[in-house]
file final.pdb (PDB, C-alpha atoms)
MODEL        1
ATOM      1  CA  MET B   1      -7.550  29.114 -46.393  1.00  0.00           C
ATOM      2  CA  PRO B   2      -9.838  29.813 -43.399  1.00  0.00           C
ATOM      3  CA  ALA B   3     -11.070  26.908 -41.323  1.00  0.00           C
ATOM      4  CA  THR B   4     -14.561  25.724 -42.024  1.00  0.00           C
ATOM      5  CA  PRO B   5     -17.046  25.580 -39.161  1.00  0.00           C
ATOM      6  CA  VAL B   6     -16.984  21.769 -39.236  1.00  0.00           C
ATOM      7  CA  SER B   7     -13.189  21.520 -39.048  1.00  0.00           C
ATOM      8  CA  ALA B   8     -13.050  24.166 -36.308  1.00  0.00           C
ATOM      9  CA  ARG B   9     -15.576  22.174 -34.286  1.00  0.00           C
ATOM     10  CA  GLN B  10     -13.599  18.964 -34.798  1.00  0.00           C
ATOM     11  CA  ALA B  11     -10.450  20.725 -33.656  1.00  0.00           C
ATOM     12  CA  SER B  12     -12.097  22.007 -30.476  1.00  0.00           C
ATOM     13  CA  VAL B  13     -13.578  18.579 -29.726  1.00  0.00           C
ATOM     14  CA  SER B  14     -10.139  17.011 -30.207  1.00  0.00           C
ATOM     15  CA  ALA B  15      -8.565  19.620 -27.942  1.00  0.00           C
ATOM     16  CA  LEU B  16     -11.163  18.961 -25.228  1.00  0.00           C
ATOM     17  CA  ARG B  17     -10.641  15.206 -25.531  1.00  0.00           C
ATOM     18  CA  LEU B  18      -6.880  15.637 -25.262  1.00  0.00           C
ATOM     19  CA  GLY B  19      -7.323  17.894 -22.224  1.00  0.00           C
ATOM     20  CA  ARG B  20      -9.628  15.364 -20.535  1.00  0.00           C
ATOM     21  CA  VAL B  21      -7.224  12.489 -21.149  1.00  0.00           C
ATOM     22  CA  ALA B  22      -4.264  14.544 -19.896  1.00  0.00           C
ATOM     23  CA  ALA B  23      -6.100  15.671 -16.756  1.00  0.00           C
ATOM     24  CA  MET B  24      -7.365  12.188 -15.922  1.00  0.00           C
ATOM     25  CA  GLY B  25      -3.938  10.694 -16.640  1.00  0.00           C
ATOM     26  CA  ALA B  26      -2.364  13.168 -14.241  1.00  0.00           C
ATOM     27  CA  LEU B  27      -4.996  12.367 -11.620  1.00  0.00           C
ATOM     28  CA  ALA B  28      -4.479   8.607 -12.016  1.00  0.00           C
ATOM     29  CA  ALA B  29      -0.696   9.061 -11.748  1.00  0.00           C
ATOM     30  CA  LEU B  30      -1.161  11.194  -8.620  1.00  0.00           C
ATOM     31  CA  ILE B  31      -3.371   8.523  -7.031  1.00  0.00           C
ATOM     32  CA  VAL B  32      -0.823   5.771  -7.726  1.00  0.00           C
ATOM     33  CA  PHE B  33       2.026   7.980  -6.477  1.00  0.00           C
ATOM     34  CA  ALA B  34       0.086   8.658  -3.266  1.00  0.00           C
ATOM     35  CA  GLY B  35      -0.389   4.898  -2.831  1.00  0.00           C
ATOM     36  CA  VAL B  36       3.337   4.272  -3.215  1.00  0.00           C
ATOM     37  CA  TRP B  37       4.131   7.159  -0.844  1.00  0.00           C
ATOM     38  CA  GLY B  38       1.682   5.849   1.756  1.00  0.00           C
ATOM     39  CA  SER B  39       3.080   2.329   1.501  1.00  0.00           C
ATOM     40  CA  TRP B  40       6.774   3.208   1.553  1.00  0.00           C
ATOM     41  CA  GLY B  41       6.657   4.532   5.118  1.00  0.00           C
ATOM     42  CA  THR B  42       6.136   0.980   6.362  1.00  0.00           C
ATOM     43  CA  ALA B  43       7.531  -1.018   3.462  1.00  0.00           C
ATOM     44  CA  GLN B  44      11.032   0.428   3.802  1.00  0.00           C
ATOM     45  CA  HIS B  45      11.427  -1.158   7.234  1.00  0.00           C
ATOM     46  CA  VAL B  46      10.189  -4.537   6.048  1.00  0.00           C
ATOM     47  CA  MET B  47      11.953  -4.666   2.691  1.00  0.00           C
ATOM     48  CA  LEU B  48      15.268  -3.176   3.875  1.00  0.00           C
ATOM     49  CA  PRO B  49      15.734  -4.737   7.338  1.00  0.00           C
ATOM     50  CA  LYS B  50      19.550  -4.672   7.303  1.00  0.00           C
ATOM     51  CA  GLY B  51      20.781  -2.948  10.438  1.00  0.00           C
ATOM     52  CA  ARG B  52      17.356  -2.959  12.073  1.00  0.00           C
ATOM     53  CA  GLU B  53      16.288  -4.955  15.092  1.00  0.00           C
ATOM     54  CA  ARG B  54      14.430  -8.107  14.063  1.00  0.00           C
ATOM     55  CA  GLY B  55      12.577 -10.474  16.313  1.00  0.00           C
ATOM     56  CA  THR B  56       9.189 -11.726  17.406  1.00  0.00           C
ATOM     57  CA  VAL B  57       6.328 -10.205  19.343  1.00  0.00           C
ATOM     58  CA  ARG B  58       3.839 -12.233  21.325  1.00  0.00           C
ATOM     59  CA  VAL B  59       0.711 -10.085  21.420  1.00  0.00           C
ATOM     60  CA  SER B  60      -0.503  -9.823  25.003  1.00  0.00           C
ATOM     61  CA  ALA B  61      -3.026  -6.972  24.795  1.00  0.00           C
ATOM     62  CA  CYS B  62      -4.915  -4.976  22.190  1.00  0.00           C
ATOM     63  CA  ALA B  63      -6.589  -1.625  22.737  1.00  0.00           C
ATOM     64  CA  GLY B  64      -7.923   0.637  20.033  1.00  0.00           C
ATOM     65  CA  ASP B  65      -5.741   0.367  16.969  1.00  0.00           C
ATOM     66  CA  VAL B  66      -2.572  -0.845  18.736  1.00  0.00           C
ATOM     67  CA  CYS B  67      -1.539  -4.230  20.100  1.00  0.00           C
ATOM     68  CA  THR B  68       1.346  -4.627  22.527  1.00  0.00           C
ATOM     69  CA  GLY B  69       3.584  -7.408  23.717  1.00  0.00           C
ATOM     70  CA  PRO B  70       7.144  -8.362  24.650  1.00  0.00           C
ATOM     71  CA  PHE B  71       9.833  -8.291  21.963  1.00  0.00           C
ATOM     72  CA  THR B  72      12.189 -11.257  21.661  1.00  0.00           C
ATOM     73  CA  PRO B  73      15.208 -10.473  19.445  1.00  0.00           C
ATOM     74  CA  VAL B  74      16.541 -12.809  16.761  1.00  0.00           C
ATOM     75  CA  SER B  75      19.075 -10.514  15.041  1.00  0.00           C
ATOM     76  CA  ALA B  76      22.533  -9.617  16.264  1.00  0.00           C
ATOM     77  CA  GLY B  77      22.602  -6.345  18.176  1.00  0.00           C
ATOM     78  CA  ALA B  78      18.898  -6.386  19.013  1.00  0.00           C
ATOM     79  CA  SER B  79      17.851  -6.208  22.633  1.00  0.00           C
ATOM     80  CA  ALA B  80      14.826  -7.691  24.351  1.00  0.00           C
ATOM     81  CA  ARG B  81      12.103  -5.220  25.283  1.00  0.00           C
ATOM     82  CA  PRO B  82       9.225  -5.745  27.680  1.00  0.00           C
ATOM     83  CA  ARG B  83       6.756  -3.857  25.483  1.00  0.00           C
ATOM     84  CA  VAL B  84       6.557  -2.886  21.812  1.00  0.00           C
ATOM     85  CA  GLU B  85       3.579  -1.684  19.803  1.00  0.00           C
ATOM     86  CA  LEU B  86       2.221  -3.384  16.701  1.00  0.00           C
ATOM     87  CA  ALA B  87      -0.505  -1.838  14.556  1.00  0.00           C
ATOM     88  CA  ARG B  88      -3.750  -3.703  15.051  1.00  0.00           C
ATOM     89  CA  SER B  89      -5.358  -5.154  11.964  1.00  0.00           C
ATOM     90  CA  VAL B  90      -7.969  -7.766  11.277  1.00  0.00           C
ATOM     91  CA  VAL B  91      -5.405 -10.557  11.403  1.00  0.00           C
ATOM     92  CA  VAL B  92      -3.473  -9.580  14.551  1.00  0.00           C
ATOM     93  CA  ARG B  93      -4.800 -11.700  17.377  1.00  0.00           C
ATOM     94  CA  ARG B  94      -4.089 -11.690  21.082  1.00  0.00           C
ATOM     95  CA  GLY B  95      -1.809 -14.561  22.110  1.00  0.00           C
ATOM     96  CA  ALA B  96      -0.303 -15.024  18.634  1.00  0.00           C
ATOM     97  CA  THR B  97       3.380 -14.534  17.842  1.00  0.00           C
ATOM     98  CA  TYR B  98       4.501 -12.487  14.843  1.00  0.00           C
ATOM     99  CA  ASP B  99       7.851 -11.872  13.173  1.00  0.00           C
ATOM    100  CA  VAL B 100       8.579  -8.147  13.289  1.00  0.00           C
ATOM    101  CA  VAL B 101      11.124  -5.452  12.523  1.00  0.00           C
ATOM    102  CA  LEU B 102      11.422  -2.475  14.865  1.00  0.00           C
ATOM    103  CA  LYS B 103      11.449   1.034  13.435  1.00  0.00           C
ATOM    104  CA  PRO B 104      14.773   2.652  14.363  1.00  0.00           C
ATOM    105  CA  GLY B 105      14.736   4.564  17.641  1.00  0.00           C
ATOM    106  CA  THR B 106      11.166   3.597  18.542  1.00  0.00           C
ATOM    107  CA  ALA B 107       9.188   0.806  20.134  1.00  0.00           C
ATOM    108  CA  ASP B 108       7.013   0.517  17.001  1.00  0.00           C
ATOM    109  CA  ALA B 109       7.033  -2.906  15.393  1.00  0.00           C
ATOM    110  CA  VAL B 110       6.197  -3.713  11.782  1.00  0.00           C
ATOM    111  CA  ARG B 111       5.359  -7.225  10.615  1.00  0.00           C
ATOM    112  CA  SER B 112       8.092  -8.808   8.530  1.00  0.00           C
ATOM    113  CA  GLY B 113       8.296 -11.671   6.078  1.00  0.00           C
ATOM    114  CA  PRO B 114       6.063 -12.135   3.037  1.00  0.00           C
ATOM    115  CA  ALA B 115       2.911 -11.216   4.953  1.00  0.00           C
ATOM    116  CA  GLY B 116       4.545  -8.037   6.254  1.00  0.00           C
ATOM    117  CA  VAL B 117       5.684  -6.976   2.789  1.00  0.00           C
ATOM    118  CA  LEU B 118       2.222  -7.498   1.333  1.00  0.00           C
ATOM    119  CA  TYR B 119       0.572  -5.784   4.299  1.00  0.00           C
ATOM    120  CA  ALA B 120       2.894  -2.786   3.907  1.00  0.00           C
ATOM    121  CA  TRP B 121       1.835  -2.334   0.277  1.00  0.00           C
ATOM    122  CA  LEU B 122      -1.936  -2.331   1.006  1.00  0.00           C
ATOM    123  CA  PRO B 123      -2.281   1.431   0.380  1.00  0.00           C
ATOM    124  CA  LEU B 124      -0.866   0.874  -3.102  1.00  0.00           C
ATOM    125  CA  GLY B 125      -3.461  -1.842  -3.732  1.00  0.00           C
ATOM    126  CA  GLY B 126      -6.260   0.530  -2.820  1.00  0.00           C
ATOM    127  CA  ALA B 127      -4.726   3.267  -4.974  1.00  0.00           C
ATOM    128  CA  LEU B 128      -4.575   0.909  -7.946  1.00  0.00           C
ATOM    129  CA  LEU B 129      -8.257   0.122  -7.535  1.00  0.00           C
ATOM    130  CA  LEU B 130      -9.145   3.801  -7.362  1.00  0.00           C
ATOM    131  CA  ALA B 131      -6.908   4.696 -10.302  1.00  0.00           C
ATOM    132  CA  SER B 132      -8.573   2.005 -12.402  1.00  0.00           C
ATOM    133  CA  VAL B 133     -11.899   3.801 -12.042  1.00  0.00           C
ATOM    134  CA  VAL B 134     -10.314   7.094 -13.122  1.00  0.00           C
ATOM    135  CA  VAL B 135      -8.601   5.449 -16.099  1.00  0.00           C
ATOM    136  CA  ALA B 136     -11.783   3.680 -17.199  1.00  0.00           C
ATOM    137  CA  GLY B 137     -14.119   6.623 -16.754  1.00  0.00           C
ATOM    138  CA  GLY B 138     -11.933   9.602 -17.527  1.00  0.00           C
ATOM    139  CA  MET B 139      -9.533   8.219 -20.085  1.00  0.00           C
ATOM    140  CA  ARG B 140     -11.760   5.476 -21.520  1.00  0.00           C
ATOM    141  CA  LEU B 141      -8.873   3.009 -21.549  1.00  0.00           C
ATOM    142  CA  THR B 142     -10.713  -0.118 -20.459  1.00  0.00           C
ATOM    143  CA  ARG B 143      -7.859  -2.594 -20.863  1.00  0.00           C
ATOM    144  CA  ALA B 144      -5.484  -0.470 -18.824  1.00  0.00           C
ATOM    145  CA  ALA B 145      -8.232   0.039 -16.237  1.00  0.00           C
ATOM    146  CA  TRP B 146      -8.800  -3.705 -15.956  1.00  0.00           C
ATOM    147  CA  LEU B 147      -5.055  -4.240 -15.552  1.00  0.00           C
ATOM    148  CA  LEU B 148      -4.836  -1.651 -12.767  1.00  0.00           C
ATOM    149  CA  GLY B 149      -7.969  -2.893 -11.021  1.00  0.00           C
ATOM    150  CA  LEU B 150      -7.027  -6.563 -11.145  1.00  0.00           C
ATOM    151  CA  SER B 151      -3.492  -5.756  -9.955  1.00  0.00           C
ATOM    152  CA  GLY B 152      -4.890  -3.873  -6.967  1.00  0.00           C
ATOM    153  CA  LEU B 153      -7.382  -6.635  -6.218  1.00  0.00           C
ATOM    154  CA  ALA B 154      -4.659  -9.283  -6.467  1.00  0.00           C
ATOM    155  CA  LEU B 155      -2.437  -7.320  -4.052  1.00  0.00           C
ATOM    156  CA  LEU B 156      -5.235  -6.889  -1.525  1.00  0.00           C
ATOM    157  CA  THR B 157      -6.302 -10.533  -1.780  1.00  0.00           C
ATOM    158  CA  THR B 158      -2.811 -11.995  -1.457  1.00  0.00           C
ATOM    159  CA  ALA B 159      -2.073  -9.721   1.495  1.00  0.00           C
ATOM    160  CA  PHE B 160      -5.173 -10.979   3.267  1.00  0.00           C
ATOM    161  CA  VAL B 161      -4.476 -14.645   2.453  1.00  0.00           C
ATOM    162  CA  ALA B 162      -0.778 -14.426   3.379  1.00  0.00           C
ATOM    163  CA  SER B 163      -1.473 -12.815   6.736  1.00  0.00           C
ATOM    164  CA  GLN B 164      -3.857 -15.524   7.925  1.00  0.00           C
TER     165      GLN B 164
ENDMDL
END
call {"tool": "encode", "arguments": {"input": "final.pdb", "output": "structure tokens"}}
result
Amino acid sequence: MPATPVSARQASVSALRLGRVAAMGALAALIVFAGVWGSWGTAQHVMLPKGRERGTVRVSACAGDVCTGPFTPVSAGASARPRVELARSVVVRRGATYDVVLKPGTADAVRSGPAGVLYAWLPLGGALLLASVVVAGGMRLTRAAWLLGLSGLALLTTAFVASQ
């Protein structure tokens, strides 16, 4: 039996809807994956500090997007350094002391502890916020969008509060 014009139209509308949902789902997944990828570069040093040099940095100078200061070791096998670099953020202040982990083979320091973990995952928080807009608008899944958006907002807020 040949398809009627109404059923053919319904089939094409369903196919377009399925294509839109699949494309937006892939885009949302790509955004979240990019957030995880962007966060992991820093988070791996903070979350897996075994075998890395741990210590404190007293920030003595800030210029551009980098703050510097002397490194005082607290872990076995770490050596004191006269100058290491710490990424400058809103909460890094001159004269303050921060717990850090050094990236292997470099003089780059990454904040450690709960504030460092949350700060490392900030790109994921932003990706969750962006993905929530894609899920709400492209997939029309409002509950899932609210869950993604509130998760991203909670991550960003707790990172800011914890780093104060």
call {"tool": "resolve_selection", "arguments": {"input": "final.pdb", "expression": "the PyMOL selection byres ((chain B and resi 27) around 12)", "output": "number ranges by chain"}}
result
B: 20-26, 28-34, 127, 130-135, 137-139
call {"tool": "resolve_selection", "arguments": {"input": "final.pdb", "expression": "the PyMOL selection byres ((chain B and resi 76) around 12)", "output": "mmCIF file with C-alpha atoms, in the coordinates of the input"}}
result
data_model
loop_
_atom_site.group_PDB
_atom_site.id
_atom_site.type_symbol
_atom_site.label_atom_id
_atom_site.label_comp_id
_atom_site.auth_asym_id
_atom_site.auth_seq_id
_atom_site.Cartn_x
_atom_site.Cartn_y
_atom_site.Cartn_z
ATOM 1 C CA LYS B 50 19.550 -4.672 7.303
ATOM 2 C CA GLY B 51 20.781 -2.948 10.438
ATOM 3 C CA ARG B 52 17.356 -2.959 12.073
ATOM 4 C CA GLU B 53 16.288 -4.955 15.092
ATOM 5 C CA ARG B 54 14.430 -8.107 14.063
ATOM 6 C CA GLY B 55 12.577 -10.474 16.313
ATOM 7 C CA THR B 72 12.189 -11.257 21.661
ATOM 8 C CA PRO B 73 15.208 -10.473 19.445
ATOM 9 C CA VAL B 74 16.541 -12.809 16.761
ATOM 10 C CA SER B 75 19.075 -10.514 15.041
ATOM 11 C CA GLY B 77 22.602 -6.345 18.176
ATOM 12 C CA ALA B 78 18.898 -6.386 19.013
ATOM 13 C CA SER B 79 17.851 -6.208 22.633
ATOM 14 C CA ALA B 80 14.826 -7.691 24.351
#
call {"tool": "closest_residue", "arguments": {"input": "final.pdb", "among": "B:Leu86, B:Ala11, B:Trp146, B:Cys67", "to": "Thr106 (chain B)", "atoms": "all atoms listed in the file"}}
result
B:Leu86
call {"tool": "resolve_selection", "arguments": {"input": "final.pdb", "expression": "the PyMOL selection byres ((chain B and resi 68) around 7)", "output": "PyMOL selection string"}}
result
chain B and resi 59-62+66-67+69+83-86
call {"tool": "residues_around", "arguments": {"input": "final.pdb", "residues": "Thr157 (chain B)", "least_positions_apart": "4", "cutoff": "12 Å", "atoms": "only C-alpha atoms", "output": "count of residues only"}}
result
15
call {"tool": "residues_around", "arguments": {"input": "final.pdb", "residues": "Pro70 (chain B)", "least_positions_apart": "4", "cutoff": "6 Å", "atoms": "only C-alpha atoms", "output": "PyMOL selection string"}}
result
chain B and resi 57+81-83
call {"tool": "write_last_selection", "arguments": {"input": "final.pdb", "atoms": "C-alpha atoms", "output": "PDB file, keeping the file's coordinate frame"}}
result
ATOM      1  CA  VAL B  57       6.328 -10.205  19.343  1.00  0.00           C
ATOM      2  CA  ARG B  81      12.103  -5.220  25.283  1.00  0.00           C
ATOM      3  CA  PRO B  82       9.225  -5.745  27.680  1.00  0.00           C
ATOM      4  CA  ARG B  83       6.756  -3.857  25.483  1.00  0.00           C
TER       5      ARG B  83
END
call {"tool": "atom_distance", "arguments": {"input": "final.pdb", "atom1": "CA of Leu147 (chain B)", "atom2": "CA of Leu124 (chain B)"}}
result
14.1 Å
call {"tool": "atom_distance", "arguments": {"input": "final.pdb", "atom1": "CA of Gly116 (chain B)", "atom2": "CA of Arg94 (chain B)"}}
result
17.5 Å
call {"tool": "closest_residue", "arguments": {"input": "final.pdb", "among": "B:Pro49, B:Gly19, B:Pro123, B:Pro5", "to": "Lys103 (chain B)", "atoms": "only C-alpha atoms"}}
result
B:Pro49
call {"tool": "atom_distance", "arguments": {"input": "final.pdb", "atom1": "CA of Tyr98 (chain B)", "atom2": "CA of Arg58 (chain B)"}}
result
6.5 Å
call {"tool": "closest_residue", "arguments": {"input": "final.pdb", "among": "B:Leu141, B:Leu18, B:Met47, B:Ala8", "to": "Val100 (chain B)", "atoms": "only C-alpha atoms"}}
result
B:Met47
call {"tool": "residues_near_point", "arguments": {"input": "final.pdb", "point": "(7.8, 0.9, 4.7)", "cutoff": "10 Å", "atoms": "only C-alpha atoms", "output": "short mmCIF file (atom, residue, chain, number, x, y, z; two decimals) with C-alpha atoms, in the frame of the given file"}}
result
data_model
loop_
_atom_site.label_atom_id
_atom_site.label_comp_id
_atom_site.auth_asym_id
_atom_site.auth_seq_id
_atom_site.Cartn_x
_atom_site.Cartn_y
_atom_site.Cartn_z
CA VAL B 36 3.34 4.27 -3.22
CA TRP B 37 4.13 7.16 -0.84
CA GLY B 38 1.68 5.85 1.76
CA SER B 39 3.08 2.33 1.50
CA TRP B 40 6.77 3.21 1.55
CA GLY B 41 6.66 4.53 5.12
CA THR B 42 6.14 0.98 6.36
CA ALA B 43 7.53 -1.02 3.46
CA GLN B 44 11.03 0.43 3.80
CA HIS B 45 11.43 -1.16 7.23
CA VAL B 46 10.19 -4.54 6.05
CA MET B 47 11.95 -4.67 2.69
CA LEU B 48 15.27 -3.18 3.88
CA LYS B 103 11.45 1.03 13.44
CA VAL B 110 6.20 -3.71 11.78
CA GLY B 116 4.54 -8.04 6.25
CA VAL B 117 5.68 -6.98 2.79
CA TYR B 119 0.57 -5.78 4.30
CA ALA B 120 2.89 -2.79 3.91
CA TRP B 121 1.84 -2.33 0.28
#
call {"tool": "closest_residue", "arguments": {"input": "final.pdb", "among": "B:Gly95, B:Phe71, B:Ala136, B:Ser12", "to": "Ala107 (chain B)", "atoms": "only C-alpha atoms"}}
result
B:Phe71
call {"tool": "closest_residue", "arguments": {"input": "final.pdb", "among": "B:Arg93, B:Asp99, B:Ser7, B:Gly113", "to": "Ala159 (chain B)", "atoms": "all atoms listed in the file"}}
result
B:Gly113
call {"tool": "closest_residue", "arguments": {"input": "final.pdb", "among": "B:Arg111, B:Thr142, B:Gly149, B:Arg9", "to": "Thr97 (chain B)", "atoms": "all atoms listed in the file"}}
result
B:Arg111
call {"tool": "axis_aligned_box", "arguments": {"input": "final.pdb", "around": "region 72-87 of chain B", "padding_each_side": "8 Å", "output": "lines of an AutoDock Vina configuration file"}}
result
center_x = 11.0
center_y = -7.2
center_z = 21.1
size_x = 39.1
size_y = 27.1
size_z = 29.1
call {"tool": "build_atoms", "arguments": {"input": "final.pdb", "residues": "region 18-31 of chain B", "atoms": "N, CA, C and O atoms", "output": "PDB file, in the frame of the given file"}}
result
ATOM      1  N   LEU B  18      -8.276  15.708 -25.690  1.00  0.00           N
ATOM      2  CA  LEU B  18      -6.880  15.637 -25.262  1.00  0.00           C
ATOM      3  C   LEU B  18      -6.713  16.211 -23.852  1.00  0.00           C
ATOM      4  O   LEU B  18      -6.001  15.638 -23.019  1.00  0.00           O
ATOM      5  N   GLY B  19      -7.381  17.307 -23.564  1.00  0.00           N
ATOM      6  CA  GLY B  19      -7.323  17.894 -22.224  1.00  0.00           C
ATOM      7  C   GLY B  19      -7.895  16.974 -21.167  1.00  0.00           C
ATOM      8  O   GLY B  19      -7.334  16.843 -20.071  1.00  0.00           O
ATOM      9  N   ARG B  20      -9.024  16.306 -21.482  1.00  0.00           N
ATOM     10  CA  ARG B  20      -9.628  15.364 -20.535  1.00  0.00           C
ATOM     11  C   ARG B  20      -8.697  14.201 -20.261  1.00  0.00           C
ATOM     12  O   ARG B  20      -8.490  13.805 -19.106  1.00  0.00           O
ATOM     13  N   VAL B  21      -8.122  13.631 -21.314  1.00  0.00           N
ATOM     14  CA  VAL B  21      -7.224  12.489 -21.149  1.00  0.00           C
ATOM     15  C   VAL B  21      -5.983  12.898 -20.353  1.00  0.00           C
ATOM     16  O   VAL B  21      -5.539  12.164 -19.470  1.00  0.00           O
ATOM     17  N   ALA B  22      -5.445  14.079 -20.632  1.00  0.00           N
ATOM     18  CA  ALA B  22      -4.264  14.544 -19.896  1.00  0.00           C
ATOM     19  C   ALA B  22      -4.585  14.781 -18.424  1.00  0.00           C
ATOM     20  O   ALA B  22      -3.812  14.392 -17.535  1.00  0.00           O
ATOM     21  N   ALA B  23      -5.720  15.402 -18.147  1.00  0.00           N
ATOM     22  CA  ALA B  23      -6.100  15.671 -16.756  1.00  0.00           C
ATOM     23  C   ALA B  23      -6.364  14.375 -15.989  1.00  0.00           C
ATOM     24  O   ALA B  23      -5.910  14.206 -14.847  1.00  0.00           O
ATOM     25  N   MET B  24      -7.075  13.453 -16.594  1.00  0.00           N
ATOM     26  CA  MET B  24      -7.365  12.188 -15.922  1.00  0.00           C
ATOM     27  C   MET B  24      -6.107  11.330 -15.776  1.00  0.00           C
ATOM     28  O   MET B  24      -5.937  10.628 -14.783  1.00  0.00           O
ATOM     29  N   GLY B  25      -5.208  11.414 -16.755  1.00  0.00           N
ATOM     30  CA  GLY B  25      -3.938  10.694 -16.640  1.00  0.00           C
ATOM     31  C   GLY B  25      -3.100  11.230 -15.491  1.00  0.00           C
ATOM     32  O   GLY B  25      -2.486  10.475 -14.744  1.00  0.00           O
ATOM     33  N   ALA B  26      -3.095  12.556 -15.361  1.00  0.00           N
ATOM     34  CA  ALA B  26      -2.364  13.168 -14.241  1.00  0.00           C
ATOM     35  C   ALA B  26      -2.995  12.789 -12.908  1.00  0.00           C
ATOM     36  O   ALA B  26      -2.277  12.505 -11.931  1.00  0.00           O
ATOM     37  N   LEU B  27      -4.310  12.756 -12.856  1.00  0.00           N
ATOM     38  CA  LEU B  27      -4.996  12.367 -11.620  1.00  0.00           C
ATOM     39  C   LEU B  27      -4.711  10.909 -11.266  1.00  0.00           C
ATOM     40  O   LEU B  27      -4.431  10.586 -10.102  1.00  0.00           O
ATOM     41  N   ALA B  28      -4.769  10.026 -12.262  1.00  0.00           N
ATOM     42  CA  ALA B  28      -4.479   8.607 -12.016  1.00  0.00           C
ATOM     43  C   ALA B  28      -3.034   8.427 -11.547  1.00  0.00           C
ATOM     44  O   ALA B  28      -2.766   7.655 -10.609  1.00  0.00           O
ATOM     45  N   ALA B  29      -2.096   9.145 -12.173  1.00  0.00           N
ATOM     46  CA  ALA B  29      -0.696   9.061 -11.748  1.00  0.00           C
ATOM     47  C   ALA B  29      -0.522   9.579 -10.322  1.00  0.00           C
ATOM     48  O   ALA B  29       0.232   9.004  -9.530  1.00  0.00           O
ATOM     49  N   LEU B  30      -1.224  10.651  -9.976  1.00  0.00           N
ATOM     50  CA  LEU B  30      -1.161  11.194  -8.620  1.00  0.00           C
ATOM     51  C   LEU B  30      -1.707  10.201  -7.595  1.00  0.00           C
ATOM     52  O   LEU B  30      -1.126  10.028  -6.517  1.00  0.00           O
ATOM     53  N   ILE B  31      -2.785   9.519  -7.939  1.00  0.00           N
ATOM     54  CA  ILE B  31      -3.371   8.523  -7.031  1.00  0.00           C
ATOM     55  C   ILE B  31      -2.389   7.375  -6.799  1.00  0.00           C
ATOM     56  O   ILE B  31      -2.174   6.944  -5.658  1.00  0.00           O
TER      57      ILE B  31
END
